[in-house]
Each structure stands twice: as C-alpha cells, then as structure tokens.
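Visitor: Encoded as structure tokens, here's the structure I'll be asking about.
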Amino acid sequence: MLSIYNTLTGKKEPFQSLQPKTVRMYVCGVTVYDYCHIGHARSALVFDVIRRYLEFSDYQVEFVKNFTDVDDKIIKRANEQGVSCDAITAEYIEAYYQDMGKLGIRQATHEPKATEHMAEIIELVNMLIQKGFAYEVAGDVYFQVEKYQAYGRLSKRKLEDLQAGARVEVDERKRHSMDFALWKSSKPGEPSWESPWGPGRPGWHIECSAMSMRHLGETFDIHGGGMDLIFPHHENEIAQSCGATGKEFARYWIHNGFVQIKQEKMSKSLGNFFTIREVFEKWGYRTQVTGEVLRYFLLTTHYRSPLEFSDQGLQEAKRTLDGFYNLFQRLDEITQTEGPGDSQLQQVLEKRSNGFREAMDDDFNTPAAIAQFQDFRGEVNRLLETGLSKKACGMARELFRSLGGVFGLLLLSWKKDWEFRYLDDEPTAWPPPWMRQQDRSGVPQPLIADEELPVAALSDEEIEGKLVERDEARKQKDFKKADEIRQFLKESQGVTIEDKPDGTSRWKR
RNA sequence: GGCGCCGUACCCAAGUGGUUAAGGGAGCAGUCUGCAAAACUGCGAUGCAGCGGUUCGACCCCGCUCGGCGCCUCCA
C-alpha cells in the first residue's frame with residue numbers, strides 16, 4: 001500500500017486515487033527564460049520517478065506539467081536582448097527538452113503553455129469576480145484573500161502573520177496586502193491579450209489553476225512542485241481553484257527539497273547554481289557524468305530532504321553505477337546451463353523485488369530502494385561464485401532492468417559510455433521515443449550526435465585486435481608487452497582490461 | 001517577528017520506543033591473480049549535536065540549548 005507525505009496535512013497518508021487504477025497529477029514546471037539548473041533537474045526527476053512508480057504499480061497516470069511562458073522575467077530578458085518574448089520562450093523550451101532528455105526525463109502526458117490557455121484563464125478570472133472572490137481595479141484583477149476562509153491551510157500560515165512580516169511594499173489599491181493579481185493590465189510593448197478588463201496578461205498563479213482544471217478536471221489526485229512553491233504559489237492556486245469551483249482541488253500535495261551548494265539553496269538569486277549543461281560540459285558527458293550518473297546521484301537522497309550537490313557525490317555515483325555494469329557484464333558472459341545457485345537466486349529475486357516495493361511504497365523512499373539494488377548486486381555476485389545458469393543470469397538482469405526502469409537506471413548495455421547502446425526494447429530508453437520522431441513540431445531534435453568522440457578513438461574491432469595481441473604476449477609470458485598494451489588502452493582510450501580466470505580477457509570503456 | 005525543516009561513522013545516506021543502528025563510497029587486512037582489475041571475505045558508530053524530561057526502556061516522544069538551513073518577494 002503506497003503512502004505519501006501530504007504537505008496539506010503534514011503527515012504520511014495512505015494513497016487512494018479518486019478513480020480506481022488512474023492517477024491524475026499536475027506538476028509545476030519551469031518558467032522558460034533561462035537554462036535549467038540542477039534544482040530544476042531534481043524536481044523534474046522526482047516527479048518523473050513518482051510517475052514511473054505509479055505506472056509500475058499499475059496505475060494509469062495522467063501527468064500534466066506546464067511551461068510558464070508569460071512572465072515578468074521573460075519580458076525582462078526579451079527586452080535585454082532586444083528580441084520577442086516568443087523567441088525567448090522557444091529557445092529555452094528547446095533547451096529544456098535537450099537537458100531533460102539527457103537526464104532521461106520522460107515527457108508528460110500534457111505539457112501545456114500559459115499562452116495557449118488564455119480563454120480558460122479569462123473565464124476563471126471572470127468566475128472569481130462573479131462569485132465575489134476577486135475585484136477589478138483599473139484593468140487589474142486581484143484575488144481577495146479574506147474572502148477565502150481557508151487561506152493559509154497549505155502553508156500553515158495565518159493571514160495576520162503574513163501581514164506582519166510582509167517585506168513588500170503595499171499596493172494601496174489592494175484591499176488586503178496579501179491580495180494577489182489574477183490579471184495584470186499590460187504596459188505598451190508587453191505581450192497582451194484582450195479581456196473584459198482591457199488588454200493584459202495573467203498573473204502567475206492563475207495559469208496553473210486553469211490548466212490543471214482544463215486537463216485533469218476540477219479535482220485531481222496529486223499536485224507537486226518544489227518546496228518554495230508552497231507559498232504563495234500553491235496556496236494561491238488552492239484559493240483560486242476552490243473559490244471558483246467550491247470543490248476540493250488537489251488531494252495530495254507533494255513538494256521536493258532543494259539542491260544545495262555549501263549548505264545553501266541553489267538559486268538564481270544567490271547565483272550559486274550549476275546548469276545541467278554546465279555539469280555535463282565540465283565532466284564530459286558520456287565519459288564521466290552521463291545522464292544516468294546524475295540521475296543516480298539525485299536519487300540517493302530522499303526527495304523531501306535537502307541534497308548537497310558535490311563533485312564527490314557525482315564521482316561516487318559513477319563508481320557505484322560501474323559496479324552494477326561490471327555485474328551485468330559478468331552475467332552476459334555466462335553460457336552454462338547448469339546452475340547450483342539457481343534455486344537460491346529465486347528467493348533473492350523475490351526478496352529484493354518485495355524490498356524495492358516496500359521502500360517505494362513508503363513515500364517514494366528512493367535511497368532505501370537503491371539499497372535493495374545494492375544488496376541484490378552483492379547477492380548475485382556471490383551466487384555467481386556458486387554458479388548460475390544462463391537462464392538464471394537472464395532473470396537477474398531482467399529484475400535489475402525492470403526495477404531499474406522505475407528509476408530510469410540500469411537500462412544500458414554494459415558497453416555503454418560514448419557508444420550509448422541502450423537496450424532497445426526498453427520503453428524508457430534514451431533518447432525517449434518521442435524524441436526520435438523526426439517530424440515533431442515545436443520539439444527540438446535530440447543532441448545525440450553533437451558530442452565529439454575522443455581523438456583517435458579506436459573502434460571495437462581495433463580494441464579487440466589489441467586484446468588478441470596482448471593475449472598472445474601473455475601466453476609467451478611477455479608480461480612487459482602485455483602491460484604496455486593494457487596501459488596504452490587505459491590511457492589513450494579509457495579502456496579497462498580484465499583478465500578472467502580461464503586465461504581470456506574482457507574489456508570495457 | 002511569524003511558519004517550518006535539518007544535525008546518524010572519514011564521506012554520502014536509510015531507519016526503529018526495546019533483537020546485531022540498513023546500504024554505498026573511501027580506507028585497512030585477506031582470498032584470487034604473472035601483475036593489475038573485477039569479485040568475494042573480514043575490520044570499522046557501546047553510539048545517532050548537547051542537556052534535561054516522559055517511560056520498565058529513547059537515537060526514535062516532549063522541552064530547552066547549540067549549530068545549519070528554508071519560506072514569509074521571483075524561485076524547482
């Protein structure tokens with residue numbers, strides 16, 4: 001039984017979907033005016049994994065994630081660069097798909113944009129005015145927080161407390177300092193849409209209410225986003241949505257913790273952020289930090305806890321992941337049909353499969369689930385000493401693949417890195433199928449071919465040739481030559497050679 | 001000022017009112033090996049920031065203190 005920590009109640013609760021076997025979930029995406037940083041990556045990843053686990057648990061998931069493409073920051077950026085807002089948003093939506101694609105983030109069921117839902121937004125604002133929750137002042141429309149008695153329920157704040165600590169200048173036209181804009185009249189040169197209150201654009205919060213209702217209905221199961229959205233964004237969404245419909249809005253509120261640098265929140269305003277592409281560039285995508293390594297690293301901490309981003313953490317993730325692929329290589333090499341350890345493996349498969357579910361059912365405890373993988377890895381390695389049949393090895397690999405698929409991990413062929421041979425039958429393989437479609441309008445093509453291969457990279461065949469050469473030398477007891485070849489491949493090609501007990505060798509990048 | 005979170009071994013990181021406080025990385029010592037790598041085995045917190053309290057019993061519940069952080073303004 002899945003239980004989820006619900007910000008609304010501050011407790012872990014058993015998860016009960018509104019409709020059997022279906023989950024409808026909305027997650028606040030990004031405002032597209034700059035490249036995504038690791039914090040954005042974490043948020044996207046957390047909900048990607050939640051979505052995958054729900055699907056793994058036999059739910060059909062209607063997953064909506066928006067792009068905020070009307071906003072002060074976008075306007076500012078457009079003015080700075082002397083281009084249109086559309087140019088800015090198109091550029092960063094493309095970048096979003098490139099970066100998240102490398103991380104293996106699957107596309108949501110719907111990815112609506114605010115600019116494409118003006119009719120719904122205006123209608124919602126209208127409804128709020130009619131019901132007395134909102135008022136117009138000279139082309140602006142504000143939500144009147146005092147009219148919504150449950151205001152503050154999500155963030156556990158009282159209106160009085162908020163007022164006392166308000167750090168913003170109070171707009172005299174507002175009836176209460178916490179009243180927030182549903183609709184803003186536009187200044188010349190700003191993007192604007194016709195409305196009953198004159199030309200203008202929506203406030204930030206209203207778009208999510210309008211789009212979630214449009215795609216998921218008035219009441220749905222899960223609403224998520226970063227911790228920092230609890231107040232005011234999600235609080236305001238609830239006020240607007242419940243005010244307009246008189247019904248419950250989202251039932252479970254999930255919020256992920258921050259990525260930190262030196263104990264501080266990674267954020268634009270503090271300037272202490274790394275973009276996703278910076279991390280890949282710094283480390284060398286495909287050689288040191290693959291999308292999988294970053295993914296693994298981000299999942300080693302529970303989603304609600306702060307996560308300290310560090311080079312050391314990344315390296316550790318790489319090393320641990322390598323351990324799994326070493327095992328997969330061993331599993332692949334087994335050809336024998338006899339397996340003294342087969343019966344024990346059966347028990348282990350069941351134990352780890354159950355352990356994984358238990359961990360994930362407990363509020364998506366990915367670190368505990370990863371520990372199950374690690375235990376499993378050790379157990380299979382040990383049973384390999386006992387002896388496993390080819391069939392059993394296949395079953396072990398299959399469990400790694402299916403459970404790993406929930407995390408988007410362990411899906412690669414063991415000969416990975418720059419070749420990037422993914423298991424083709426894996427639906428969550430990267431690049432995801434939707435990125436492979438050539439005619440997808442508005443969606444950029446994957447960056448699969450833009451990486452430079454190392455200079456003078458040898459082909460598999462050439463490496464195999466070197467290996468034969470080395471094996472010959474070893475047979476002649478010419479260890480000096482053998483070691484030279486090994487060293488050459490290691491240094492120039494990043495290829496590691498391992499000698500097996502039977503006298504033959506294996507290699508890997 | 002208001003609301004909230006965190007503090008577990010060298011590092012990362014789960015977890016529980018009472019059996020040996022998961023797992024990983026690093027380290028050390030072995031097995032194996034021409035060497036190496038991989039894998040395996042063993043070692044590693046008498047203690048979970050500190051101090052009180054509740055309890056038969058707390059790392060886990062309550063209070064306080066110290067240290068760090070977040071939200072209250074845009075923010076994943």
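Chain labels A, B, ... are given in the sequence in which chains occur in the structure tokens; within each chain residues are numbered consecutively from 1, and ligands are likewise numbered from 1 in the order shown.
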When the cut-off is 6 Å and we count only C-alpha atoms (C1' of nucleotides), which residues of chain A are near chain B, given as a ChimeraX atom specification?

Guide: /A:39-40,43,161,226,316,368,371,498

Visitor: Give me, as an NGL selection string, all polymer residues having an atom no more than 9 Å from range 345-362 of chain A, counting only C-alpha atoms (C1' of nucleotides) and skipping those fewer than 2 positions away in the same chain.

Guide: :A and (1-5 or 12 or 53 or 57 or 341-343 or 364-373 or 375-376 or 379-380 or 383 or 388 or 392 or 395-396 or 399 or 403)

Visitor: For the residues selected in the previous step, produce a file with N, CA and C atoms as a JSON list (two decimals), in the first residue's frame.

Guide:
[["chain", "number", "residue", "atom", "x", "y", "z"],
["A", 1, "MET", "N", 0.84, -1.21, 0.00],
["A", 1, "MET", "CA", 0.00, 0.00, 0.00],
["A", 1, "MET", "C", 0.87, 1.26, 0.00],
["A", 2, "LEU", "N", 0.70, 2.05, -0.99],
["A", 2, "LEU", "CA", 1.51, 3.27, -1.12],
["A", 2, "LEU", "C", 1.06, 4.34, -0.14],
["A", 3, "SER", "N", 2.00, 4.91, 0.57],
["A", 3, "SER", "CA", 1.65, 6.08, 1.37],
["A", 3, "SER", "C", 2.53, 7.25, 0.94],
["A", 4, "ILE", "N", 1.95, 8.42, 1.03],
["A", 4, "ILE", "CA", 2.59, 9.64, 0.54],
["A", 4, "ILE", "C", 2.52, 10.72, 1.61],
["A", 5, "TYR", "N", 3.62, 11.41, 1.78],
["A", 5, "TYR", "CA", 3.61, 12.56, 2.68],
["A", 5, "TYR", "C", 2.85, 13.70, 1.99],
["A", 12, "LYS", "N", 2.18, 11.46, 6.58],
["A", 12, "LYS", "CA", 2.15, 10.41, 5.56],
["A", 12, "LYS", "C", 0.74, 9.83, 5.58],
["A", 53, "TYR", "N", 6.86, 5.15, -10.97],
["A", 53, "TYR", "CA", 6.50, 4.16, -9.95],
["A", 53, "TYR", "C", 4.99, 3.93, -9.91],
["A", 57, "SER", "N", 3.14, 0.48, -10.53],
["A", 57, "SER", "CA", 2.14, -0.04, -9.59],
["A", 57, "SER", "C", 0.77, -0.19, -10.26],
["A", 341, "GLY", "N", 23.41, -22.42, -8.02],
["A", 341, "GLY", "CA", 22.87, -21.33, -7.21],
["A", 341, "GLY", "C", 21.49, -20.87, -7.65],
["A", 342, "ASP", "N", 20.96, -21.52, -8.69],
["A", 342, "ASP", "CA", 19.69, -21.05, -9.27],
["A", 342, "ASP", "C", 18.53, -20.98, -8.27],
["A", 343, "SER", "N", 18.42, -22.01, -7.44],
["A", 343, "SER", "CA", 17.27, -22.03, -6.54],
["A", 343, "SER", "C", 17.37, -20.91, -5.51],
["A", 364, "PHE", "N", 7.92, 6.99, -1.47],
["A", 364, "PHE", "CA", 8.92, 7.03, -2.54],
["A", 364, "PHE", "C", 10.35, 7.14, -1.98],
["A", 365, "ASN", "N", 10.67, 6.18, -1.10],
["A", 365, "ASN", "CA", 11.98, 6.20, -0.46],
["A", 365, "ASN", "C", 13.04, 5.64, -1.41],
["A", 366, "THR", "N", 13.50, 6.49, -2.31],
["A", 366, "THR", "CA", 14.47, 6.01, -3.31],
["A", 366, "THR", "C", 15.81, 5.57, -2.71],
["A", 367, "PRO", "N", 16.33, 6.21, -1.65],
["A", 367, "PRO", "CA", 17.61, 5.72, -1.11],
["A", 367, "PRO", "C", 17.48, 4.30, -0.55],
["A", 368, "ALA", "N", 16.36, 4.03, 0.11],
["A", 368, "ALA", "CA", 16.15, 2.69, 0.64],
["A", 368, "ALA", "C", 15.99, 1.70, -0.50],
["A", 369, "ALA", "N", 15.34, 2.12, -1.56],
["A", 369, "ALA", "CA", 15.15, 1.25, -2.72],
["A", 369, "ALA", "C", 16.49, 0.96, -3.39],
["A", 370, "ILE", "N", 17.33, 1.98, -3.44],
["A", 370, "ILE", "CA", 18.66, 1.80, -4.03],
["A", 370, "ILE", "C", 19.47, 0.81, -3.20],
["A", 371, "ALA", "N", 19.30, 0.87, -1.89],
["A", 371, "ALA", "CA", 20.00, -0.08, -1.02],
["A", 371, "ALA", "C", 19.59, -1.51, -1.37],
["A", 372, "GLN", "N", 18.34, -1.68, -1.79],
["A", 372, "GLN", "CA", 17.89, -3.01, -2.22],
["A", 372, "GLN", "C", 18.64, -3.45, -3.48],
["A", 373, "PHE", "N", 18.85, -2.52, -4.38],
["A", 373, "PHE", "CA", 19.64, -2.83, -5.58],
["A", 373, "PHE", "C", 21.04, -3.26, -5.18],
["A", 375, "ASP", "N", 22.15, -4.44, -2.29],
["A", 375, "ASP", "CA", 22.14, -5.76, -1.66],
["A", 375, "ASP", "C", 22.02, -6.84, -2.73],
["A", 376, "PHE", "N", 21.13, -6.60, -3.63],
["A", 376, "PHE", "CA", 20.87, -7.54, -4.72],
["A", 376, "PHE", "C", 22.15, -7.77, -5.54],
["A", 379, "GLU", "N", 24.45, -10.01, -3.66],
["A", 379, "GLU", "CA", 23.94, -11.38, -3.62],
["A", 379, "GLU", "C", 24.17, -12.11, -4.95],
["A", 380, "VAL", "N", 23.90, -11.41, -6.03],
["A", 380, "VAL", "CA", 24.08, -12.05, -7.34],
["A", 380, "VAL", "C", 25.56, -12.32, -7.60],
["A", 383, "LEU", "N", 26.38, -15.38, -5.71],
["A", 383, "LEU", "CA", 25.81, -16.59, -6.32],
["A", 383, "LEU", "C", 26.54, -16.95, -7.61],
["A", 388, "LEU", "N", 25.72, -19.93, -11.56],
["A", 388, "LEU", "CA", 24.36, -19.68, -12.01],
["A", 388, "LEU", "C", 24.25, -20.08, -13.47],
["A", 392, "ALA", "N", 19.21, -18.26, -15.36],
["A", 392, "ALA", "CA", 19.11, -17.53, -14.09],
["A", 392, "ALA", "C", 19.74, -16.15, -14.21],
["A", 395, "MET", "N", 17.42, -13.86, -15.73],
["A", 395, "MET", "CA", 16.36, -13.43, -14.82],
["A", 395, "MET", "C", 16.85, -12.34, -13.89],
["A", 396, "ALA", "N", 18.08, -12.49, -13.44],
["A", 396, "ALA", "CA", 18.64, -11.47, -12.55],
["A", 396, "ALA", "C", 18.75, -10.13, -13.29],
["A", 399, "LEU", "N", 15.43, -8.47, -13.64],
["A", 399, "LEU", "CA", 14.90, -7.76, -12.47],
["A", 399, "LEU", "C", 15.58, -6.41, -12.31],
["A", 403, "LEU", "N", 13.11, -3.15, -12.36],
["A", 403, "LEU", "CA", 13.08, -2.26, -11.21],
["A", 403, "LEU", "C", 13.89, -0.99, -11.50]]

Visitor: With DSSP run on the backbone, what are the alpha helix (DSSP H) residues within range 22-219 of chain A? I'd like them as a PyMOL selection string.

Guide: chain A and resi 38-56+72-81+85-102+118-130+159-165+204-216

Visitor: Which residue is closest to G17 in chain B? Choose from B:G47, B:G52, B:G30, B:G57 and count only C-alpha atoms (C1' of nucleotides).

Guide: B:G57

Visitor: A:Gln493, A:Thr109, A:Thr115, A:Thr22: which is nearest Trp193 in chain A, counting only C-alpha atoms?

Guide: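 Under the stated criterion, the closest residue is A:Thr115.
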
Visitor: Could you state the separation of CA of Phe220 in chain A and CA of Ile93 in chain A in Å, given to one decimal place?

Guide: 26.3 Å

Visitor: Quick check, in Å to one decimal: how far apart do C1' of C59 in chain B and CA of Phe258 in chain A lie?

Guide: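 Taking C1' of C59 in chain B as the start and CA of Phe258 in chain A as the end point, the length is 25.5 Å.
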
Visitor: What gap, in Å, lies between CA of Ile276 in chain A and CA of Ala317 in chain A?

Guide: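 The value is 16.3 Å.
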
Visitor: With a distance cut-off of 9 Å and only C-alpha atoms (C1' of nucleotides), select the neighbouring residues of Gly243 in chain A, excluding the residue or stretch itself and same-chain residues fewer than 3 positions from it, and output the selection as a PyMOL selection string.

Guide: chain A and resi 128+131+133+147-148+238-240+246-247

Visitor: Output all heavy atoms of each residue in that selection to a file, as a PDB file, in the first residue's frame.

Guide:
ATOM      1  N   LEU A 128     -14.383  34.089 -10.774  1.00  0.00           N
ATOM      2  CA  LEU A 128     -13.993  34.522  -9.430  1.00  0.00           C
ATOM      3  C   LEU A 128     -14.553  35.906  -9.114  1.00  0.00           C
ATOM      4  O   LEU A 128     -14.929  36.185  -7.971  1.00  0.00           O
ATOM      5  CB  LEU A 128     -12.466  34.501  -9.290  1.00  0.00           C
ATOM      6  CG  LEU A 128     -11.868  33.094  -9.157  1.00  0.00           C
ATOM      7  CD1 LEU A 128     -10.349  33.111  -9.358  1.00  0.00           C
ATOM      8  CD2 LEU A 128     -12.211  32.476  -7.808  1.00  0.00           C
ATOM      9  N   LYS A 131     -18.261  35.434  -8.389  1.00  0.00           N
ATOM     10  CA  LYS A 131     -18.532  34.813  -7.092  1.00  0.00           C
ATOM     11  C   LYS A 131     -18.075  35.666  -5.919  1.00  0.00           C
ATOM     12  O   LYS A 131     -18.205  35.267  -4.769  1.00  0.00           O
ATOM     13  CB  LYS A 131     -17.836  33.445  -7.019  1.00  0.00           C
ATOM     14  CG  LYS A 131     -18.483  32.423  -7.946  1.00  0.00           C
ATOM     15  CD  LYS A 131     -18.136  31.011  -7.497  1.00  0.00           C
ATOM     16  CE  LYS A 131     -18.939  30.011  -8.329  1.00  0.00           C
ATOM     17  NZ  LYS A 131     -18.704  28.623  -7.889  1.00  0.00           N
ATOM     18  N   PHE A 133     -14.983  36.648  -5.185  1.00  0.00           N
ATOM     19  CA  PHE A 133     -13.650  36.383  -4.642  1.00  0.00           C
ATOM     20  C   PHE A 133     -12.601  37.341  -5.200  1.00  0.00           C
ATOM     21  O   PHE A 133     -11.484  37.388  -4.729  1.00  0.00           O
ATOM     22  CB  PHE A 133     -13.213  34.950  -4.961  1.00  0.00           C
ATOM     23  CG  PHE A 133     -13.883  33.910  -4.119  1.00  0.00           C
ATOM     24  CD1 PHE A 133     -14.917  33.133  -4.641  1.00  0.00           C
ATOM     25  CD2 PHE A 133     -13.502  33.712  -2.799  1.00  0.00           C
ATOM     26  CE1 PHE A 133     -15.538  32.173  -3.860  1.00  0.00           C
ATOM     27  CE2 PHE A 133     -14.125  32.750  -2.014  1.00  0.00           C
ATOM     28  CZ  PHE A 133     -15.162  31.980  -2.546  1.00  0.00           C
ATOM     29  N   LYS A 147     -11.709  36.743   1.507  1.00  0.00           N
ATOM     30  CA  LYS A 147     -12.974  36.098   1.132  1.00  0.00           C
ATOM     31  C   LYS A 147     -12.855  34.579   1.171  1.00  0.00           C
ATOM     32  O   LYS A 147     -13.848  33.868   1.174  1.00  0.00           O
ATOM     33  CB  LYS A 147     -13.373  36.518  -0.290  1.00  0.00           C
ATOM     34  CG  LYS A 147     -13.723  37.967  -0.414  1.00  0.00           C
ATOM     35  CD  LYS A 147     -15.154  38.219  -0.012  1.00  0.00           C
ATOM     36  CE  LYS A 147     -15.499  39.696  -0.237  1.00  0.00           C
ATOM     37  NZ  LYS A 147     -16.902  39.983   0.073  1.00  0.00           N
ATOM     38  N   TYR A 148     -11.620  34.106   1.144  1.00  0.00           N
ATOM     39  CA  TYR A 148     -11.427  32.656   1.146  1.00  0.00           C
ATOM     40  C   TYR A 148     -10.964  32.251   2.533  1.00  0.00           C
ATOM     41  O   TYR A 148      -9.802  32.435   2.908  1.00  0.00           O
ATOM     42  CB  TYR A 148     -10.410  32.242   0.070  1.00  0.00           C
ATOM     43  CG  TYR A 148     -10.230  30.750  -0.008  1.00  0.00           C
ATOM     44  CD1 TYR A 148     -11.262  29.935  -0.483  1.00  0.00           C
ATOM     45  CD2 TYR A 148      -9.050  30.141   0.411  1.00  0.00           C
ATOM     46  CE1 TYR A 148     -11.128  28.567  -0.531  1.00  0.00           C
ATOM     47  CE2 TYR A 148      -8.900  28.766   0.367  1.00  0.00           C
ATOM     48  CZ  TYR A 148      -9.944  27.981  -0.113  1.00  0.00           C
ATOM     49  OH  TYR A 148      -9.798  26.620  -0.141  1.00  0.00           O
ATOM     50  N   ILE A 238      -4.809  27.076  -4.633  1.00  0.00           N
ATOM     51  CA  ILE A 238      -5.918  26.455  -3.909  1.00  0.00           C
ATOM     52  C   ILE A 238      -7.047  27.459  -3.722  1.00  0.00           C
ATOM     53  O   ILE A 238      -8.218  27.164  -3.958  1.00  0.00           O
ATOM     54  CB  ILE A 238      -5.446  25.937  -2.530  1.00  0.00           C
ATOM     55  CG1 ILE A 238      -4.479  24.764  -2.725  1.00  0.00           C
ATOM     56  CG2 ILE A 238      -6.633  25.523  -1.679  1.00  0.00           C
ATOM     57  CD1 ILE A 238      -3.851  24.256  -1.436  1.00  0.00           C
ATOM     58  N   ALA A 239      -6.678  28.673  -3.318  1.00  0.00           N
ATOM     59  CA  ALA A 239      -7.692  29.701  -3.070  1.00  0.00           C
ATOM     60  C   ALA A 239      -8.503  29.976  -4.347  1.00  0.00           C
ATOM     61  O   ALA A 239      -9.732  29.999  -4.324  1.00  0.00           O
ATOM     62  CB  ALA A 239      -7.017  30.983  -2.585  1.00  0.00           C
ATOM     63  N   GLN A 240      -7.794  30.125  -5.451  1.00  0.00           N
ATOM     64  CA  GLN A 240      -8.464  30.406  -6.725  1.00  0.00           C
ATOM     65  C   GLN A 240      -9.357  29.263  -7.163  1.00  0.00           C
ATOM     66  O   GLN A 240     -10.506  29.451  -7.561  1.00  0.00           O
ATOM     67  CB  GLN A 240      -7.420  30.563  -7.837  1.00  0.00           C
ATOM     68  CG  GLN A 240      -6.527  31.734  -7.734  1.00  0.00           C
ATOM     69  CD  GLN A 240      -5.272  31.528  -8.586  1.00  0.00           C
ATOM     70  OE1 GLN A 240      -5.043  30.458  -9.143  1.00  0.00           O
ATOM     71  NE2 GLN A 240      -4.480  32.560  -8.686  1.00  0.00           N
ATOM     72  N   GLY A 246     -15.776  25.662  -5.738  1.00  0.00           N
ATOM     73  CA  GLY A 246     -16.422  25.253  -4.495  1.00  0.00           C
ATOM     74  C   GLY A 246     -16.112  23.802  -4.170  1.00  0.00           C
ATOM     75  O   GLY A 246     -16.685  23.211  -3.270  1.00  0.00           O
ATOM     76  N   LYS A 247     -15.182  23.229  -4.939  1.00  0.00           N
ATOM     77  CA  LYS A 247     -14.833  21.822  -4.714  1.00  0.00           C
ATOM     78  C   LYS A 247     -13.393  21.692  -4.246  1.00  0.00           C
ATOM     79  O   LYS A 247     -12.618  22.643  -4.322  1.00  0.00           O
ATOM     80  CB  LYS A 247     -14.998  21.036  -6.016  1.00  0.00           C
ATOM     81  CG  LYS A 247     -16.432  20.915  -6.440  1.00  0.00           C
ATOM     82  CD  LYS A 247     -16.512  20.222  -7.783  1.00  0.00           C
ATOM     83  CE  LYS A 247     -17.947  20.276  -8.301  1.00  0.00           C
ATOM     84  NZ  LYS A 247     -17.993  20.117  -9.755  1.00  0.00           N
TER      85      LYS A 247
END

Visitor: Would you list, as a list in words, the residues of range 292-507 of chain A that end up in strand (DSSP E) under DSSP run on this structure's backbone?

Guide: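 These are the residues in question: Leu307, Glu308, Thr496, Ile497, Glu498, Asp499, Ser505, Arg506 and Trp507 of chain A.
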
Visitor: Write the selection just made, keeping N, CA and C atoms, as a PDB file, in the first residue's frame?

Guide:
ATOM      1  N   LEU A 307      19.574  18.250  -0.633  1.00  0.00           N
ATOM      2  CA  LEU A 307      20.606  17.444  -1.275  1.00  0.00           C
ATOM      3  C   LEU A 307      21.797  18.336  -1.576  1.00  0.00           C
ATOM      4  N   GLU A 308      22.936  17.974  -1.023  1.00  0.00           N
ATOM      5  CA  GLU A 308      24.148  18.753  -1.234  1.00  0.00           C
ATOM      6  C   GLU A 308      24.798  18.318  -2.538  1.00  0.00           C
ATOM      7  N   THR A 496      39.435  -0.364 -19.960  1.00  0.00           N
ATOM      8  CA  THR A 496      39.988  -1.174 -18.882  1.00  0.00           C
ATOM      9  C   THR A 496      39.957  -2.640 -19.294  1.00  0.00           C
ATOM     10  N   ILE A 497      41.075  -3.301 -19.065  1.00  0.00           N
ATOM     11  CA  ILE A 497      41.145  -4.725 -19.395  1.00  0.00           C
ATOM     12  C   ILE A 497      41.140  -5.543 -18.117  1.00  0.00           C
ATOM     13  N   GLU A 498      40.358  -6.587 -18.137  1.00  0.00           N
ATOM     14  CA  GLU A 498      40.338  -7.503 -17.002  1.00  0.00           C
ATOM     15  C   GLU A 498      40.630  -8.904 -17.510  1.00  0.00           C
ATOM     16  N   ASP A 499      41.549  -9.574 -16.845  1.00  0.00           N
ATOM     17  CA  ASP A 499      41.839 -10.958 -17.207  1.00  0.00           C
ATOM     18  C   ASP A 499      40.947 -11.883 -16.410  1.00  0.00           C
ATOM     19  N   SER A 505      40.472 -12.537 -21.756  1.00  0.00           N
ATOM     20  CA  SER A 505      40.335 -11.206 -21.176  1.00  0.00           C
ATOM     21  C   SER A 505      39.031 -10.562 -21.603  1.00  0.00           C
ATOM     22  N   ARG A 506      38.597  -9.610 -20.821  1.00  0.00           N
ATOM     23  CA  ARG A 506      37.447  -8.817 -21.217  1.00  0.00           C
ATOM     24  C   ARG A 506      37.864  -7.361 -21.154  1.00  0.00           C
ATOM     25  N   TRP A 507      37.118  -6.535 -21.850  1.00  0.00           N
ATOM     26  CA  TRP A 507      37.436  -5.105 -21.796  1.00  0.00           C
ATOM     27  C   TRP A 507      36.145  -4.301 -21.655  1.00  0.00           C
TER      28      TRP A 507
END

Visitor: Can you pull out the residues contacting Asn126 in chain A? Cut-off 10 Å, using only C-alpha atoms (C1' of nucleotides), and skip same-chain residues under 5 positions away; I want them as JSON, numbers by chain.

Guide: {"A": [120, 121, 131, 132, 133, 134, 135, 141, 182, 195, 196, 197, 244]}

Visitor: Excluding A58 in chain B and its own-chain neighbours fewer than 4 positions away, which residues fall within 12 Å of it when counting only C-alpha atoms (C1' of nucleotides)? Please give them as a short mmCIF file (atom, residue, chain, number, x, y, z; two decimals) with N, CA and C atoms (P, O5', C5', C4', C3', O3' and C1' of nucleotides), in the first residue's frame.

Guide:
data_model
loop_
_atom_site.label_atom_id
_atom_site.label_comp_id
_atom_site.auth_asym_id
_atom_site.auth_seq_id
_atom_site.Cartn_x
_atom_site.Cartn_y
_atom_site.Cartn_z
P U B 16 11.21 4.29 10.54
"O5'" U B 16 11.18 3.54 11.93
"C5'" U B 16 10.88 2.15 11.99
"C4'" U B 16 11.41 1.60 13.28
"C3'" U B 16 11.04 2.45 14.50
"O3'" U B 16 9.74 2.16 14.99
"C1'" U B 16 13.34 1.94 14.54
P G B 17 8.95 3.29 15.67
"O5'" G B 17 9.73 3.56 17.07
"C5'" G B 17 9.13 3.30 18.12
"C4'" G B 17 10.03 2.79 19.24
"C3'" G B 17 9.42 1.55 19.90
"O3'" G B 17 9.91 0.30 19.41
"C1'" G B 17 10.06 3.24 21.50
P G B 18 11.50 -0.09 19.24
"O5'" G B 18 12.10 -0.31 20.69
"C5'" G B 18 13.48 0.00 20.94
"C4'" G B 18 14.07 -1.06 21.85
"C3'" G B 18 14.09 -2.44 21.20
"O3'" G B 18 15.40 -2.58 20.66
"C1'" G B 18 13.09 -2.50 23.41
P C B 48 24.56 9.21 21.05
"O5'" C B 48 23.96 9.66 19.65
"C5'" C B 48 24.77 10.29 18.65
"C4'" C B 48 24.07 10.13 17.34
"C3'" C B 48 22.68 10.75 17.31
"O3'" C B 48 22.80 11.95 16.54
"C1'" C B 48 22.71 8.53 16.40
P G B 53 16.13 14.39 34.25
"O5'" G B 53 14.66 14.44 33.64
"C5'" G B 53 13.75 15.46 34.06
"C4'" G B 53 12.54 15.46 33.18
"C3'" G B 53 11.82 14.13 33.04
"O3'" G B 53 10.98 13.88 34.15
"C1'" G B 53 12.03 15.14 30.92
P U B 54 10.58 12.35 34.53
"O5'" U B 54 9.62 11.96 33.33
"C5'" U B 54 8.35 12.58 33.18
"C4'" U B 54 7.60 11.96 32.01
"C3'" U B 54 7.56 10.44 32.02
"O3'" U B 54 6.54 9.94 32.87
"C1'" U B 54 8.18 11.20 29.88
P C B 62 7.65 15.15 19.62
"O5'" C B 62 7.62 15.64 21.13
"C5'" C B 62 6.39 15.90 21.78
"C4'" C B 62 6.66 16.49 23.15
"C3'" C B 62 7.61 17.67 23.16
"O3'" C B 62 6.94 18.88 22.85
"C1'" C B 62 8.26 16.15 24.82
#

Visitor: Considering only C-alpha atoms (C1' of nucleotides), return as a PyMOL selection string whatever protein or nucleic-acid residues lie within 10 Å of Leu321 in chain A, sequence-local ones (same chain, fewer than 4 positions apart) excluded.

Guide: chain A and resi 292-293+296-297+315-317+325-326+374+409-410
